[in-house]
Each structure stands twice: as C-alpha cells, then as structure tokens.
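**Q** Coordinates in structure-v7.txt, compact mmCIF, C-alpha atoms and all ligand atoms, are listed below.
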# COMPACT_ATOMS: atom_id res chain seq x y z
CA MET T 1 30.24 3.60 3.61
CA PHE T 2 31.92 4.04 0.23
CA GLU T 3 34.80 5.99 1.81
CA GLU T 4 34.94 3.60 4.76
CA GLY T 5 35.22 0.71 2.28
CA LEU T 6 38.15 2.36 0.51
CA ARG T 7 39.87 3.11 3.84
CA LEU T 8 39.50 -0.47 5.10
CA LYS T 9 40.59 -1.96 1.76
CA ALA T 10 43.76 0.18 1.82
CA ILE T 11 44.59 -1.31 5.25
CA HIS T 12 43.46 -4.94 4.90
CA GLY T 13 43.54 -5.61 1.13
CA GLU T 14 40.68 -5.71 -1.37
CA TYR T 15 39.51 -9.27 -0.68
CA ASN T 16 39.67 -8.95 3.08
CA VAL T 17 36.98 -6.28 3.25
CA TYR T 18 33.50 -7.56 2.45
CA ASP T 19 31.76 -4.61 0.90
CA TYR T 20 28.07 -5.29 0.24
CA THR T 21 27.02 -1.67 0.05
CA LEU T 22 27.31 -0.78 -3.63
CA GLY T 23 24.46 -0.95 -6.14
CA ASN T 24 26.77 -1.12 -9.15
CA PRO T 25 26.31 -3.96 -11.68
CA TYR T 26 28.83 -6.79 -11.28
CA VAL T 27 29.03 -7.92 -14.92
CA ASP T 28 30.09 -6.06 -18.05
CA PRO T 29 27.52 -5.30 -20.77
CA PRO T 30 26.84 -8.16 -23.23
CA GLU T 31 28.73 -8.55 -26.50
CA ALA T 32 25.65 -7.28 -28.38
CA PHE T 33 26.16 -3.90 -26.70
CA PHE T 34 29.81 -3.58 -27.74
CA GLN T 35 28.99 -4.55 -31.33
CA ALA T 36 26.19 -1.98 -31.46
CA LEU T 37 28.48 0.65 -29.93
CA GLU T 38 31.16 0.03 -32.59
CA GLN T 39 28.57 0.25 -35.33
CA VAL T 40 27.15 3.51 -34.02
CA VAL T 41 30.54 5.09 -33.38
CA GLY T 42 31.60 4.26 -36.96
CA ASP T 43 28.49 5.84 -38.43
CA ARG T 44 29.39 9.41 -39.48
CA LYS T 45 25.80 10.46 -40.09
CA ARG T 46 25.51 14.26 -40.25
CA LEU T 47 24.56 15.95 -36.94
CA ALA T 48 24.31 12.63 -35.16
CA HIS T 49 25.72 14.28 -32.03
CA ALA T 50 23.56 17.42 -32.11
CA TYR T 51 20.50 18.40 -30.06
CA MET T 52 17.36 16.49 -30.88
CA GLN T 53 13.68 16.51 -29.86
CA ASN T 54 13.70 16.86 -26.05
CA SER T 55 11.74 13.62 -25.81
CA GLY T 56 14.54 11.76 -27.61
CA LEU T 57 15.23 10.26 -31.03
CA PRO T 58 11.98 9.12 -32.70
CA ALA T 59 13.52 5.87 -33.97
CA THR T 60 14.59 4.88 -30.43
CA ARG T 61 11.23 5.79 -28.92
CA GLU T 62 9.47 3.93 -31.71
CA ARG T 63 11.39 0.75 -30.95
CA ILE T 64 10.64 1.02 -27.21
CA ALA T 65 6.96 1.82 -27.85
CA ALA T 66 6.67 -1.24 -30.12
CA GLU T 67 8.22 -3.42 -27.41
CA LEU T 68 5.85 -2.04 -24.74
CA ALA T 69 2.85 -2.50 -27.04
CA ARG T 70 3.88 -6.11 -27.68
CA GLU T 71 4.36 -6.81 -23.98
CA THR T 72 1.22 -5.09 -22.69
CA GLY T 73 -1.21 -5.24 -25.61
CA ARG T 74 -1.76 -1.49 -25.14
CA PRO T 75 -1.31 1.00 -28.02
CA TYR T 76 1.99 2.67 -26.98
CA THR T 77 3.43 5.00 -29.67
CA VAL T 78 6.40 7.38 -29.92
CA ASN T 79 4.18 9.93 -28.20
CA HIS T 80 4.13 7.93 -24.99
CA VAL T 81 7.90 7.52 -24.55
CA VAL T 82 10.44 10.10 -23.35
CA MET T 83 14.12 9.08 -23.30
CA THR T 84 15.71 10.05 -19.98
CA VAL T 85 18.98 10.22 -18.09
CA GLY T 86 18.57 6.86 -16.34
CA ALA T 87 15.62 5.77 -14.23
CA ALA T 88 16.48 8.57 -11.80
CA GLY T 89 15.97 11.09 -14.62
CA ALA T 90 12.66 9.43 -15.53
CA MET T 91 11.39 9.62 -11.93
CA ASN T 92 12.37 13.28 -11.59
CA VAL T 93 10.79 14.21 -14.92
CA ALA T 94 7.59 12.37 -13.96
CA LEU T 95 7.36 14.04 -10.54
CA LYS T 96 8.11 17.48 -11.96
CA SER T 97 5.35 16.92 -14.53
CA LEU T 98 2.79 15.70 -12.01
CA LEU T 99 3.23 17.67 -8.81
CA GLU T 100 1.84 20.95 -7.55
CA PRO T 101 3.53 22.25 -4.37
CA GLY T 102 2.19 20.34 -1.36
CA ASP T 103 0.96 17.35 -3.35
CA GLU T 104 1.54 14.09 -1.54
CA VAL T 105 3.47 11.14 -2.95
CA LEU T 106 3.16 7.75 -1.32
CA VAL T 107 6.16 5.47 -0.95
CA ILE T 108 6.12 1.91 0.34
CA ALA T 109 8.81 1.22 2.96
CA PRO T 110 11.28 -0.36 2.53
CA TYR T 111 12.03 1.91 -0.45
CA PHE T 112 14.98 3.29 -2.45
CA PRO T 113 16.01 6.28 -0.26
CA GLU T 114 16.51 8.68 -3.16
CA TYR T 115 12.73 8.84 -3.68
CA ALA T 116 12.51 11.15 -0.67
CA PHE T 117 14.82 13.64 -2.37
CA TYR T 118 13.19 13.31 -5.80
CA ILE T 119 9.81 14.15 -4.23
CA GLN T 120 11.30 17.06 -2.31
CA ASN T 121 12.97 18.32 -5.52
CA HIS T 122 9.54 19.07 -6.98
CA GLY T 123 7.70 20.49 -3.97
CA GLY T 124 6.00 17.22 -3.06
CA VAL T 125 5.42 15.78 0.39
CA LYS T 126 6.46 12.18 1.02
CA VAL T 127 3.97 9.96 2.83
CA THR T 128 5.26 6.56 3.92
CA THR T 129 3.19 3.42 4.05
CA GLN T 130 4.83 0.41 5.69
CA ALA T 131 5.00 -2.98 3.98
CA GLY T 132 4.43 -6.11 6.05
CA ASP T 133 7.15 -8.53 7.21
CA ASP T 134 6.90 -10.10 3.75
CA PHE T 135 7.91 -6.70 2.26
CA LEU T 136 4.64 -6.52 0.32
CA PRO T 137 2.39 -3.44 0.55
CA ARG T 138 -0.52 -3.68 2.97
CA LEU T 139 -3.68 -2.44 1.34
CA ASP T 140 -5.26 -1.39 4.64
CA ASP T 141 -2.27 0.84 5.42
CA LEU T 142 -2.22 2.24 1.87
CA ASP T 143 -5.92 2.99 2.18
CA ARG T 144 -5.28 4.88 5.42
CA CYS T 145 -2.45 6.94 3.87
CA ILE T 146 -4.32 8.16 0.77
CA GLY T 147 -6.01 11.53 1.14
CA PRO T 148 -7.29 14.46 -0.91
CA ARG T 149 -3.72 15.71 -1.61
CA THR T 150 -2.36 12.36 -2.82
CA ARG T 151 -1.12 12.74 -6.39
CA ALA T 152 1.08 9.68 -6.91
CA LEU T 153 2.14 6.32 -5.52
CA ILE T 154 5.63 4.97 -6.25
CA VAL T 155 5.83 1.22 -6.75
CA ASN T 156 9.20 -0.51 -7.21
CA SER T 157 8.97 -4.15 -8.19
CA PRO T 158 11.38 -5.95 -8.27
CA CYS T 159 12.24 -3.97 -5.17
CA ASN T 160 15.47 -2.43 -3.97
CA PRO T 161 16.19 -3.23 -1.10
CA SER T 162 13.96 -6.28 -0.45
CA GLY T 163 14.40 -8.16 -3.75
CA ARG T 164 10.64 -8.81 -3.72
CA VAL T 165 8.65 -9.12 -6.91
CA PHE T 166 5.09 -7.96 -6.19
CA PRO T 167 2.60 -10.68 -7.20
CA ALA T 168 -0.14 -9.90 -9.72
CA GLU T 169 -2.87 -10.03 -7.07
CA VAL T 170 -1.11 -7.34 -5.02
CA LEU T 171 -0.89 -5.08 -8.09
CA ALA T 172 -4.54 -5.74 -8.91
CA GLY T 173 -5.47 -4.85 -5.31
CA ILE T 174 -3.52 -1.59 -5.50
CA ALA T 175 -5.25 -0.72 -8.80
CA GLU T 176 -8.68 -1.33 -7.35
CA LEU T 177 -7.89 0.77 -4.28
CA LEU T 178 -6.55 3.68 -6.37
CA ARG T 179 -9.64 3.67 -8.62
CA ARG T 180 -11.85 3.78 -5.55
CA LYS T 181 -9.85 6.70 -4.12
CA ASN T 182 -9.98 8.57 -7.45
CA VAL T 183 -13.75 8.52 -7.21
CA GLU T 184 -13.78 9.36 -3.49
CA PHE T 185 -11.52 12.42 -3.87
CA GLY T 186 -12.52 13.43 -7.39
CA ARG T 187 -8.98 13.48 -8.79
CA THR T 188 -6.57 11.08 -10.39
CA ILE T 189 -3.78 9.39 -8.45
CA TYR T 190 -0.97 8.34 -10.78
CA LEU T 191 1.09 5.23 -10.21
CA LEU T 192 4.78 5.77 -10.81
CA SER T 193 6.33 2.38 -11.49
CA ASP T 194 10.11 2.36 -11.03
CA GLU T 195 11.28 -0.72 -12.92
CA PRO T 196 15.07 -0.75 -13.45
CA TYR T 197 15.25 -4.37 -12.18
CA ARG T 198 12.31 -5.59 -14.27
CA ARG T 199 14.45 -8.08 -16.18
CA LEU T 200 16.59 -9.24 -13.25
CA VAL T 201 14.19 -11.87 -11.97
CA PHE T 202 15.20 -15.38 -10.86
CA ASP T 203 13.99 -18.98 -11.15
CA GLY T 204 12.24 -18.41 -14.47
CA MET T 205 9.76 -15.97 -12.88
CA ARG T 206 8.55 -12.89 -14.71
CA SER T 207 7.99 -9.48 -13.21
CA THR T 208 4.56 -8.02 -13.93
CA SER T 209 4.31 -4.28 -14.49
CA PRO T 210 1.61 -2.38 -12.57
CA SER T 211 0.81 -0.75 -15.93
CA LEU T 212 -1.06 -3.96 -16.82
CA TYR T 213 -3.47 -3.37 -13.93
CA TYR T 214 -3.80 0.38 -13.56
CA GLU T 215 -4.45 2.73 -16.44
CA HIS T 216 -2.91 5.89 -14.93
CA THR T 217 0.61 4.44 -14.78
CA LEU T 218 3.94 5.98 -15.74
CA ILE T 219 6.88 3.58 -16.05
CA GLY T 220 10.34 4.89 -15.21
CA THR T 221 13.19 2.58 -16.06
CA SER T 222 16.71 2.28 -17.46
CA HIS T 223 19.34 -0.06 -18.78
CA SER T 224 21.58 0.59 -15.77
CA LYS T 225 21.10 -2.94 -14.41
CA ASP T 226 19.90 -5.27 -17.19
CA LEU T 227 22.53 -4.04 -19.71
CA SER T 228 24.98 -2.98 -16.95
CA LEU T 229 25.08 0.58 -18.33
CA ALA T 230 24.67 2.45 -15.03
CA GLY T 231 27.42 4.92 -15.93
CA GLU T 232 26.00 5.69 -19.37
CA ARG T 233 22.77 7.13 -17.95
CA ILE T 234 20.20 5.84 -20.41
CA GLY T 235 16.57 5.20 -19.52
CA PHE T 236 13.05 6.21 -20.41
CA LEU T 237 9.68 7.29 -19.08
CA ALA T 238 6.65 5.57 -20.63
CA ILE T 239 3.20 7.08 -20.12
CA SER T 240 0.38 4.58 -20.40
CA PRO T 241 -1.80 5.31 -23.46
CA ASP T 242 -4.79 4.78 -21.15
CA ALA T 243 -3.66 7.37 -18.57
CA GLU T 244 -5.79 10.42 -18.01
CA ASP T 245 -4.26 13.36 -19.89
CA ALA T 246 -1.65 11.08 -21.52
CA GLY T 247 -1.04 13.64 -24.30
CA GLU T 248 -0.64 16.53 -21.88
CA LEU T 249 1.62 14.41 -19.65
CA PHE T 250 3.85 13.57 -22.62
CA ALA T 251 4.14 17.29 -23.46
CA ALA T 252 4.87 18.09 -19.81
CA ALA T 253 7.50 15.36 -19.52
CA THR T 254 9.19 16.49 -22.75
CA PHE T 255 9.33 20.06 -21.43
CA CYS T 256 10.49 19.00 -17.95
CA ASN T 257 13.27 16.86 -19.42
CA ARG T 258 14.64 20.10 -20.86
CA ILE T 259 14.09 22.48 -17.99
CA LEU T 260 15.45 20.13 -15.34
CA GLY T 261 18.69 20.54 -17.24
CA TYR T 262 18.90 17.09 -18.79
CA VAL T 263 17.79 18.60 -22.17
CA ASN T 264 17.75 15.11 -23.66
CA ALA T 265 19.16 11.67 -22.90
CA PRO T 266 22.66 10.92 -24.31
CA ALA T 267 22.38 10.66 -28.11
CA LEU T 268 25.04 7.98 -28.53
CA MET T 269 23.28 5.60 -26.15
CA GLN T 270 19.90 6.25 -27.77
CA ARG T 271 21.39 5.26 -31.11
CA VAL T 272 22.95 2.15 -29.56
CA LEU T 273 19.51 1.13 -28.28
CA GLN T 274 18.19 1.25 -31.84
CA VAL T 275 20.69 -1.50 -32.70
CA VAL T 276 20.65 -3.65 -29.52
CA SER T 277 17.15 -4.97 -29.76
CA SER T 278 17.50 -8.25 -27.93
CA PHE T 279 19.95 -9.43 -25.30
CA ASP T 280 20.02 -11.77 -22.34
CA PRO T 281 20.20 -9.96 -18.99
CA PRO T 282 22.78 -11.48 -16.59
CA VAL T 283 20.17 -13.33 -14.53
CA ALA T 284 22.19 -16.55 -14.15
CA VAL T 285 25.22 -14.71 -12.72
CA TYR T 286 23.18 -12.92 -10.06
CA GLN T 287 21.03 -15.96 -9.32
CA ALA T 288 24.12 -18.07 -8.52
CA LYS T 289 25.36 -15.35 -6.15
CA ARG T 290 21.93 -15.08 -4.53
CA ASP T 291 21.84 -18.85 -4.01
CA ARG T 292 25.29 -19.01 -2.41
CA LEU T 293 24.75 -16.04 -0.11
CA PHE T 294 21.22 -17.08 0.87
CA GLN T 295 22.35 -20.62 1.67
CA GLY T 296 25.39 -19.38 3.58
CA LEU T 297 23.45 -16.89 5.69
CA THR T 298 20.54 -19.20 6.48
CA ASP T 299 22.96 -22.03 7.43
CA ILE T 300 24.60 -19.66 9.91
CA GLY T 301 21.20 -18.77 11.37
CA TYR T 302 20.19 -15.48 9.76
CA ASP T 303 16.52 -14.88 9.03
CA VAL T 304 16.42 -13.94 5.32
CA HIS T 305 13.74 -13.67 2.66
CA ARG T 306 15.05 -15.29 -0.55
CA PRO T 307 14.99 -12.46 -3.13
CA GLU T 308 13.04 -13.13 -6.31
CA GLY T 309 14.83 -10.41 -8.27
CA THR T 310 17.37 -7.51 -8.23
CA PHE T 311 20.80 -8.10 -6.70
CA PHE T 312 19.80 -7.16 -3.16
CA MET T 313 19.04 -9.18 -0.06
CA PHE T 314 17.40 -7.76 3.07
CA PRO T 315 18.05 -10.00 6.10
CA LYS T 316 16.56 -9.39 9.51
CA SER T 317 18.97 -7.78 11.93
CA PRO T 318 19.72 -10.09 14.91
CA LEU T 319 19.76 -6.93 17.06
CA GLN T 320 16.63 -4.82 17.15
CA ASP T 321 18.83 -1.79 16.50
CA ASP T 322 19.99 -2.42 12.94
CA ARG T 323 22.52 0.42 13.07
CA ALA T 324 24.17 -1.22 16.09
CA PHE T 325 24.37 -4.53 14.20
CA VAL T 326 25.81 -2.77 11.14
CA ASP T 327 28.58 -1.55 13.49
CA VAL T 328 29.15 -5.12 14.74
CA LEU T 329 29.48 -6.31 11.14
CA ARG T 330 31.82 -3.44 10.32
CA ARG T 331 34.16 -4.54 13.12
CA HIS T 332 34.34 -7.84 11.22
CA ARG T 333 35.05 -5.92 8.01
CA VAL T 334 31.60 -6.61 6.55
CA LEU T 335 30.02 -3.45 5.16
CA VAL T 336 26.23 -3.35 4.76
CA THR T 337 23.48 -0.72 4.77
CA PRO T 338 21.11 -0.40 7.76
CA GLY T 339 17.38 -0.90 7.15
CA ALA T 340 16.69 2.45 8.83
CA GLY T 341 18.04 4.08 5.66
CA PHE T 342 15.11 2.51 3.78
CA GLU T 343 12.65 3.57 6.54
CA PHE T 344 12.46 -0.08 7.56
CA PRO T 345 14.49 -0.57 10.75
CA GLY T 346 15.32 -4.02 12.06
CA TYR T 347 16.83 -5.20 8.76
CA PHE T 348 19.98 -4.58 6.74
CA ARG T 349 20.66 -4.58 3.00
CA LEU T 350 23.29 -6.54 1.12
CA SER T 351 24.13 -6.00 -2.54
CA PHE T 352 25.34 -9.36 -3.84
CA ALA T 353 26.75 -7.83 -7.04
CA VAL T 354 30.17 -8.83 -5.65
CA ASP T 355 32.91 -11.37 -6.38
CA ASP T 356 32.18 -14.97 -5.34
CA VAL T 357 35.32 -14.87 -3.22
CA ILE T 358 33.86 -12.00 -1.19
CA ILE T 359 30.77 -14.09 -0.47
CA GLU T 360 32.84 -17.14 0.55
CA ASN T 361 35.34 -15.20 2.67
CA SER T 362 32.67 -13.14 4.40
CA LEU T 363 30.59 -16.04 5.74
CA PRO T 364 32.83 -16.75 8.77
CA ALA T 365 32.68 -13.01 9.57
CA PHE T 366 28.87 -13.07 9.40
CA ALA T 367 28.91 -16.08 11.74
CA GLU T 368 31.23 -14.32 14.22
CA ALA T 369 29.07 -11.20 14.19
CA LEU T 370 25.93 -13.24 14.89
CA ARG T 371 27.65 -15.07 17.77
CA GLU T 372 28.59 -11.73 19.29
CA THR T 373 24.93 -10.75 19.55
CA LYS T 374 23.95 -13.81 21.62
C1 LIG B 401 15.07 1.31 -7.19
C2 LIG B 401 15.95 2.18 -8.01
N1 LIG B 401 15.40 3.16 -8.72
C3 LIG B 401 16.14 3.98 -9.48
C4 LIG B 401 17.52 3.85 -9.53
C5 LIG B 401 18.30 4.78 -10.38
O1 LIG B 401 18.61 4.13 -11.59
P1 LIG B 401 19.48 4.82 -12.70
O2 LIG B 401 20.91 4.61 -12.36
O3 LIG B 401 19.10 4.15 -13.97
O4 LIG B 401 19.14 6.27 -12.72
C6 LIG B 401 18.15 2.85 -8.80
C7 LIG B 401 19.60 2.71 -8.80
O5 LIG B 401 20.23 2.02 -8.05
C8 LIG B 401 17.34 1.99 -8.01
O6 LIG B 401 17.88 1.00 -7.28
Just dump the structure as structure tokens.
Ligand SMILES: Cc1ncc(COP(=O)(O)O)c(C=O)c1O

**A**
Amino acid sequence: MFEEGLRLKAIHGEYNVYDYTLGNPYVDPPEAFFQALEQVVGDRKRLAHAYMQNSGLPATRERIAAELARETGRPYTVNHVVMTVGAAGAMNVALKSLLEPGDEVLVIAPYFPEYAFYIQNHGGVKVTTQAGDDFLPRLDDLDRCIGPRTRALIVNSPCNPSGRVFPAEVLAGIAELLRRKNVEFGRTIYLLSDEPYRRLVFDGMRSTSPSLYYEHTLIGTSHSKDLSLAGERIGFLAISPDAEDAGELFAAATFCNRILGYVNAPALMQRVLQVVSSFDPPVAVYQAKRDRLFQGLTDIGYDVHRPEGTFFMFPKSPLQDDRAFVDVLRRHRVLVTPGAGFEFPGYFRLSFAVDDVIIENSLPAFAEALRETK
C-alpha cells in the first residue's frame, strides 16, 4: 500500500490520493520535547552516550516507576521498569521472557497484525479469539480458547485498528476469567497490555489499564504516538509489582533486551524523558479529525463505530469481501487497509492521522465507491 500510495501520488499529485493506510503520527512533538532535547544535547556529561544497564538509565526508570505508582497505587520501583526500543521492543522482550516453545498466546481479533510475528519470533503459537461486532472481547469465546498451554493474553486498549477503549467491566471480567483458569490449569497466564495509545483518548474519557484489575500484567508502551516520537524508538516494559515472579521477570526482560540485539533503548531519548515530565498529548487535533471523518462517512451511509481513542477508524465494508471493497476504493484513489489483515474480515481500517484537506477531498470518493456497490 505504501508503494502504491507513492506511485499514485506521483501520477495524480499528493492531495489527489487519499492515503489512509499509514500509522505515523500527524503532529510534531510538543515544544517541551524540543526544549528537553536541546538541554540534553548541550549537556557534556562524561560517558553520557556509552552503554548502560541493559534495563536502561536508573533515573529514567525511577521517573516512570513513580508515575506508574502514582497512577495505579501499586509499589512500582526501578526494578519493575525496563526501557525498550518502542512498544514493539517491549512486546518482543516480554514474549521472549515468558514463552517456552509451543506456549500459546491469545490475541483478540481485530488486532495489530505484527503480534502474529512477535509471537512466532519466540516460539509461541498464536490463538485467536474473536471480538463481537462492538469490537470488545467476548468472555465466552476467551474462555473456550484458554487451555493448558496458554501462557499469555495480549490486550490492546485503546485498540488499533478499532479505536475502542475497553471499559473497566470488560477488564474486570477478563481478570476474573484468567484467575479462574490459573487455578484450573495450575499455572499463571500473564496479561500483556500493549498501551501505546493510552493517552490518545477522546471526549475527556480516560483509558484504564488492565494492570489495575489483574496482578500478573506486563505493560508494553512507548512515546511513539503521544509524543509523536515513532522514529526515535523509545518505550518501556513495566512488570506489575504484584505479578508472580516479578523479580525473575525483570531479570529475564533485562537479559532479553540485550540478547535480542537491542542491548538498551537509545540513551539520548532516555535522558530526554528525564526532563520532559509533563506534556499534553495531541488529543484535540486527532479528535477534530475523527469528528469530521466520522460525520462525513456516516452522512454518506457508512456503518462506523465512533472511535474513543487512537487515530484509527474501522468502518464496516459495504461488500462482504473487504478486499474487494478496498479495490473499489483504490480505483477512487482512496487507500485503506482491509479488515482481513487484522483477522477481522468485513471491515476496513482508516488512519485519520492525515491532513484535513485529505479528509474533505476524499468524501466524494467514498460516496462514489459506496454507490458502486449498490
Ligand atoms: C497496537 C500497536 N502496538 C505496538 C505498536 C508499535 O509501537 P512502537 O512504534 O512504539 O514500537 C504499534 C505501532 O503502530 C501499534 O499500533
């Protein structure tokens, strides 16, 4: 799609191709980031650019642990936080730490497709449970999918691609189910909470972390989206202080960070994070884009769930075959990702981290494409 976008833009011009496929932030980082960066770059502290503890700089981890402790009321310390190369690094480190070959990892479709590869990277077996039409996990299906080899469940709220924020009662239900299964199978299932969109939530809502409900939780996250630092690759893995074997898991994650080849997260960005303690994520910018696109698509007649967070929207495909509809849209120069790619056919994903003019100009094309399906 990326290449197709470039090809079409070369022919038709940048604003005449409506590319909704990219998950890159739309806004630049906030001023607080640039000020912190200047400060850190100007600081000629000895060996500031050298290797460090594989878990990351203690001062950075301390700041993050204090923030997590404040938010959750749980006793997070430096020994629960490992700085990682983005959320993707955190997820890979967590899975490498947790999995024995053949262990099963549950994902909830629709899900971020890279999970399948992360699980495969570490000898795991992906097991898919399907969410309902509301994109929320169905506890009966989860229950059916958990077995004696289940080692972890990946939860992603706010969710890419659906934009759903899982309500507290859903998280509490998952926690209760996992505890019951731990007893039934005599081993611990860990919850891997992938939270890079945690702070991109609309309408004054807050996203609740599963770590508040389930003790054996590992949070993987990054500043790729809330600080728009996707290219700088800075994130962390936080192991709940209440998790079984939390100390051993921290040691494993520290070791795995090294042996997976990351060694440690970029030093410069870790030092920047010590300085940027508070900032406003670009919620208003994305919310305005969500509102315009949602209104435009529903006015035309698309069936869309209004996303509560992220910068993704996941409308229903007017054709049962979502790939066929993606081709119809492409003929109208609208580029989107088919739901089948998220193991959730019958839908398609839009990233609304795009210029307002793209949203405005694309609406007639969306209307034409819908008409063609009638
Ligand atoms: C749900 C989800 N998890 C993880 C990632 C990876 O994040 P990062 O770039 O911080 O590694 C992304 C990136 O788009 C994502 O959408």

**Q** For ligand LIG 401 (chain B), which of T:Gly220, T:Gly346, T:Pro101, T:Pro30 is the closest residue, counting all atoms listed in the file?

**A**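 When distances to ligand LIG 401 (chain B) are compared using all atoms listed in the file, the smallest one comes from T:Gly220.
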
**Q** Enumerate, in order of chain and increasing residue number, the residues of chain T with an atom no farther than 7 Å from ligand LIG 401 (chain B), each with its shortest atom pair and distance in Å to one decimal, counting all atoms listed in the file, as JSON lines.

**A**
{"residue": "T:Gly23", "atom": "CA", "partner": "B:LIG401", "partner_atom": "O5", "distance": 5.5}
{"residue": "T:Val85", "atom": "CA", "partner": "B:LIG401", "partner_atom": "O4", "distance": 6.7}
{"residue": "T:Gly86", "atom": "CA", "partner": "B:LIG401", "partner_atom": "O3", "distance": 3.6}
{"residue": "T:Ala87", "atom": "CA", "partner": "B:LIG401", "partner_atom": "O3", "distance": 3.8}
{"residue": "T:Ala88", "atom": "CA", "partner": "B:LIG401", "partner_atom": "O4", "distance": 3.6}
{"residue": "T:Gly89", "atom": "CA", "partner": "B:LIG401", "partner_atom": "O4", "distance": 6.1}
{"residue": "T:Phe112", "atom": "CA", "partner": "B:LIG401", "partner_atom": "C1", "distance": 5.1}
{"residue": "T:Asn156", "atom": "CA", "partner": "B:LIG401", "partner_atom": "C1", "distance": 6.1}
{"residue": "T:Cys159", "atom": "CA", "partner": "B:LIG401", "partner_atom": "C1", "distance": 6.3}
{"residue": "T:Asn160", "atom": "CA", "partner": "B:LIG401", "partner_atom": "C1", "distance": 5.0}
{"residue": "T:Asp194", "atom": "CA", "partner": "B:LIG401", "partner_atom": "N1", "distance": 5.8}
{"residue": "T:Pro196", "atom": "CA", "partner": "B:LIG401", "partner_atom": "N1", "distance": 6.1}
{"residue": "T:Thr221", "atom": "CA", "partner": "B:LIG401", "partner_atom": "O3", "distance": 6.5}
{"residue": "T:Ser222", "atom": "CA", "partner": "B:LIG401", "partner_atom": "O3", "distance": 4.6}
{"residue": "T:His223", "atom": "CA", "partner": "B:LIG401", "partner_atom": "O3", "distance": 6.4}
{"residue": "T:Ser224", "atom": "CA", "partner": "B:LIG401", "partner_atom": "O3", "distance": 4.7}
{"residue": "T:Ala230", "atom": "CA", "partner": "B:LIG401", "partner_atom": "O2", "distance": 5.1}
{"residue": "T:Arg233", "atom": "CA", "partner": "B:LIG401", "partner_atom": "O3", "distance": 6.2}
{"residue": "T:Ile234", "atom": "CA", "partner": "B:LIG401", "partner_atom": "O3", "distance": 6.7}
{"residue": "T:Gly235", "atom": "CA", "partner": "B:LIG401", "partner_atom": "O3", "distance": 6.2}

**Q** For a test of reading the model, state the distance in Å between atom CA of T:Glu169 and atom CA of T:Leu136, rounded to one decimal.

**A** 11.1 Å

**Q** Considering only C-alpha atoms, return as number ranges by chain whatever protein or nucleic-acid residues lie within 12 Å of T:Glu71, sequence-local ones (same chain, fewer than 3 positions apart) excluded.

**A** T: 64-68, 74-76, 206-209, 211-212

**Q** Taking into account all atoms listed in the file, which residue in the set T:Glu114, T:Phe250, T:His305, T:Pro148 is nearest to T:Asp133?

**A**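 Of T:Glu114, T:Phe250, T:His305, T:Pro148, the one nearest T:Asp133, counting all atoms listed in the file, is T:His305.
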
**Q** Generate a file for stretch 340-355 of chain T, containing N, CA and C atoms, as a PDB file, in the first residue's frame.

**A**
ATOM      1  N   ALA T 340      -9.362  -8.029   6.841  1.00  0.00           N
ATOM      2  CA  ALA T 340      -8.788  -9.381   6.846  1.00  0.00           C
ATOM      3  C   ALA T 340      -7.365  -9.356   7.406  1.00  0.00           C
ATOM      4  N   GLY T 341      -6.659  -8.261   7.182  1.00  0.00           N
ATOM      5  CA  GLY T 341      -5.291  -8.126   7.693  1.00  0.00           C
ATOM      6  C   GLY T 341      -5.237  -8.098   9.214  1.00  0.00           C
ATOM      7  N   PHE T 342      -6.375  -7.821   9.847  1.00  0.00           N
ATOM      8  CA  PHE T 342      -6.450  -7.774  11.313  1.00  0.00           C
ATOM      9  C   PHE T 342      -7.222  -9.003  11.833  1.00  0.00           C
ATOM     10  N   GLU T 343      -7.352 -10.003  10.963  1.00  0.00           N
ATOM     11  CA  GLU T 343      -8.145 -11.228  11.200  1.00  0.00           C
ATOM     12  C   GLU T 343      -9.585 -10.880  11.552  1.00  0.00           C
ATOM     13  N   PHE T 344     -10.101  -9.840  10.905  1.00  0.00           N
ATOM     14  CA  PHE T 344     -11.481  -9.412  11.162  1.00  0.00           C
ATOM     15  C   PHE T 344     -12.106  -8.956   9.847  1.00  0.00           C
ATOM     16  N   PRO T 345     -12.386  -9.920   8.946  1.00  0.00           N
ATOM     17  CA  PRO T 345     -12.909  -9.552   7.632  1.00  0.00           C
ATOM     18  C   PRO T 345     -14.269  -8.864   7.729  1.00  0.00           C
ATOM     19  N   GLY T 346     -14.601  -8.147   6.654  1.00  0.00           N
ATOM     20  CA  GLY T 346     -15.891  -7.455   6.620  1.00  0.00           C
ATOM     21  C   GLY T 346     -15.782  -6.004   7.073  1.00  0.00           C
ATOM     22  N   TYR T 347     -14.571  -5.566   7.365  1.00  0.00           N
ATOM     23  CA  TYR T 347     -14.325  -4.179   7.804  1.00  0.00           C
ATOM     24  C   TYR T 347     -13.101  -3.659   7.075  1.00  0.00           C
ATOM     25  N   PHE T 348     -12.836  -2.363   7.203  1.00  0.00           N
ATOM     26  CA  PHE T 348     -11.561  -1.831   6.698  1.00  0.00           C
ATOM     27  C   PHE T 348     -11.081  -0.738   7.638  1.00  0.00           C
ATOM     28  N   ARG T 349      -9.746  -0.557   7.680  1.00  0.00           N
ATOM     29  CA  ARG T 349      -9.177   0.408   8.634  1.00  0.00           C
ATOM     30  C   ARG T 349      -8.733   1.688   7.940  1.00  0.00           C
ATOM     31  N   LEU T 350      -9.048   2.802   8.601  1.00  0.00           N
ATOM     32  CA  LEU T 350      -8.581   4.115   8.157  1.00  0.00           C
ATOM     33  C   LEU T 350      -7.710   4.715   9.253  1.00  0.00           C
ATOM     34  N   SER T 351      -6.564   5.261   8.892  1.00  0.00           N
ATOM     35  CA  SER T 351      -5.797   6.054   9.851  1.00  0.00           C
ATOM     36  C   SER T 351      -6.114   7.509   9.562  1.00  0.00           C
ATOM     37  N   PHE T 352      -6.727   8.196  10.527  1.00  0.00           N
ATOM     38  CA  PHE T 352      -7.080   9.605  10.252  1.00  0.00           C
ATOM     39  C   PHE T 352      -5.998  10.569  10.717  1.00  0.00           C
ATOM     40  N   ALA T 353      -4.761  10.083  10.834  1.00  0.00           N
ATOM     41  CA  ALA T 353      -3.616  10.969  11.075  1.00  0.00           C
ATOM     42  C   ALA T 353      -3.193  11.539   9.718  1.00  0.00           C
ATOM     43  N   VAL T 354      -4.113  12.277   9.101  1.00  0.00           N
ATOM     44  CA  VAL T 354      -3.886  12.839   7.757  1.00  0.00           C
ATOM     45  C   VAL T 354      -4.324  14.304   7.745  1.00  0.00           C
ATOM     46  N   ASP T 355      -3.913  15.027   6.700  1.00  0.00           N
ATOM     47  CA  ASP T 355      -4.336  16.419   6.529  1.00  0.00           C
ATOM     48  C   ASP T 355      -5.859  16.535   6.450  1.00  0.00           C
TER      49      ASP T 355
END
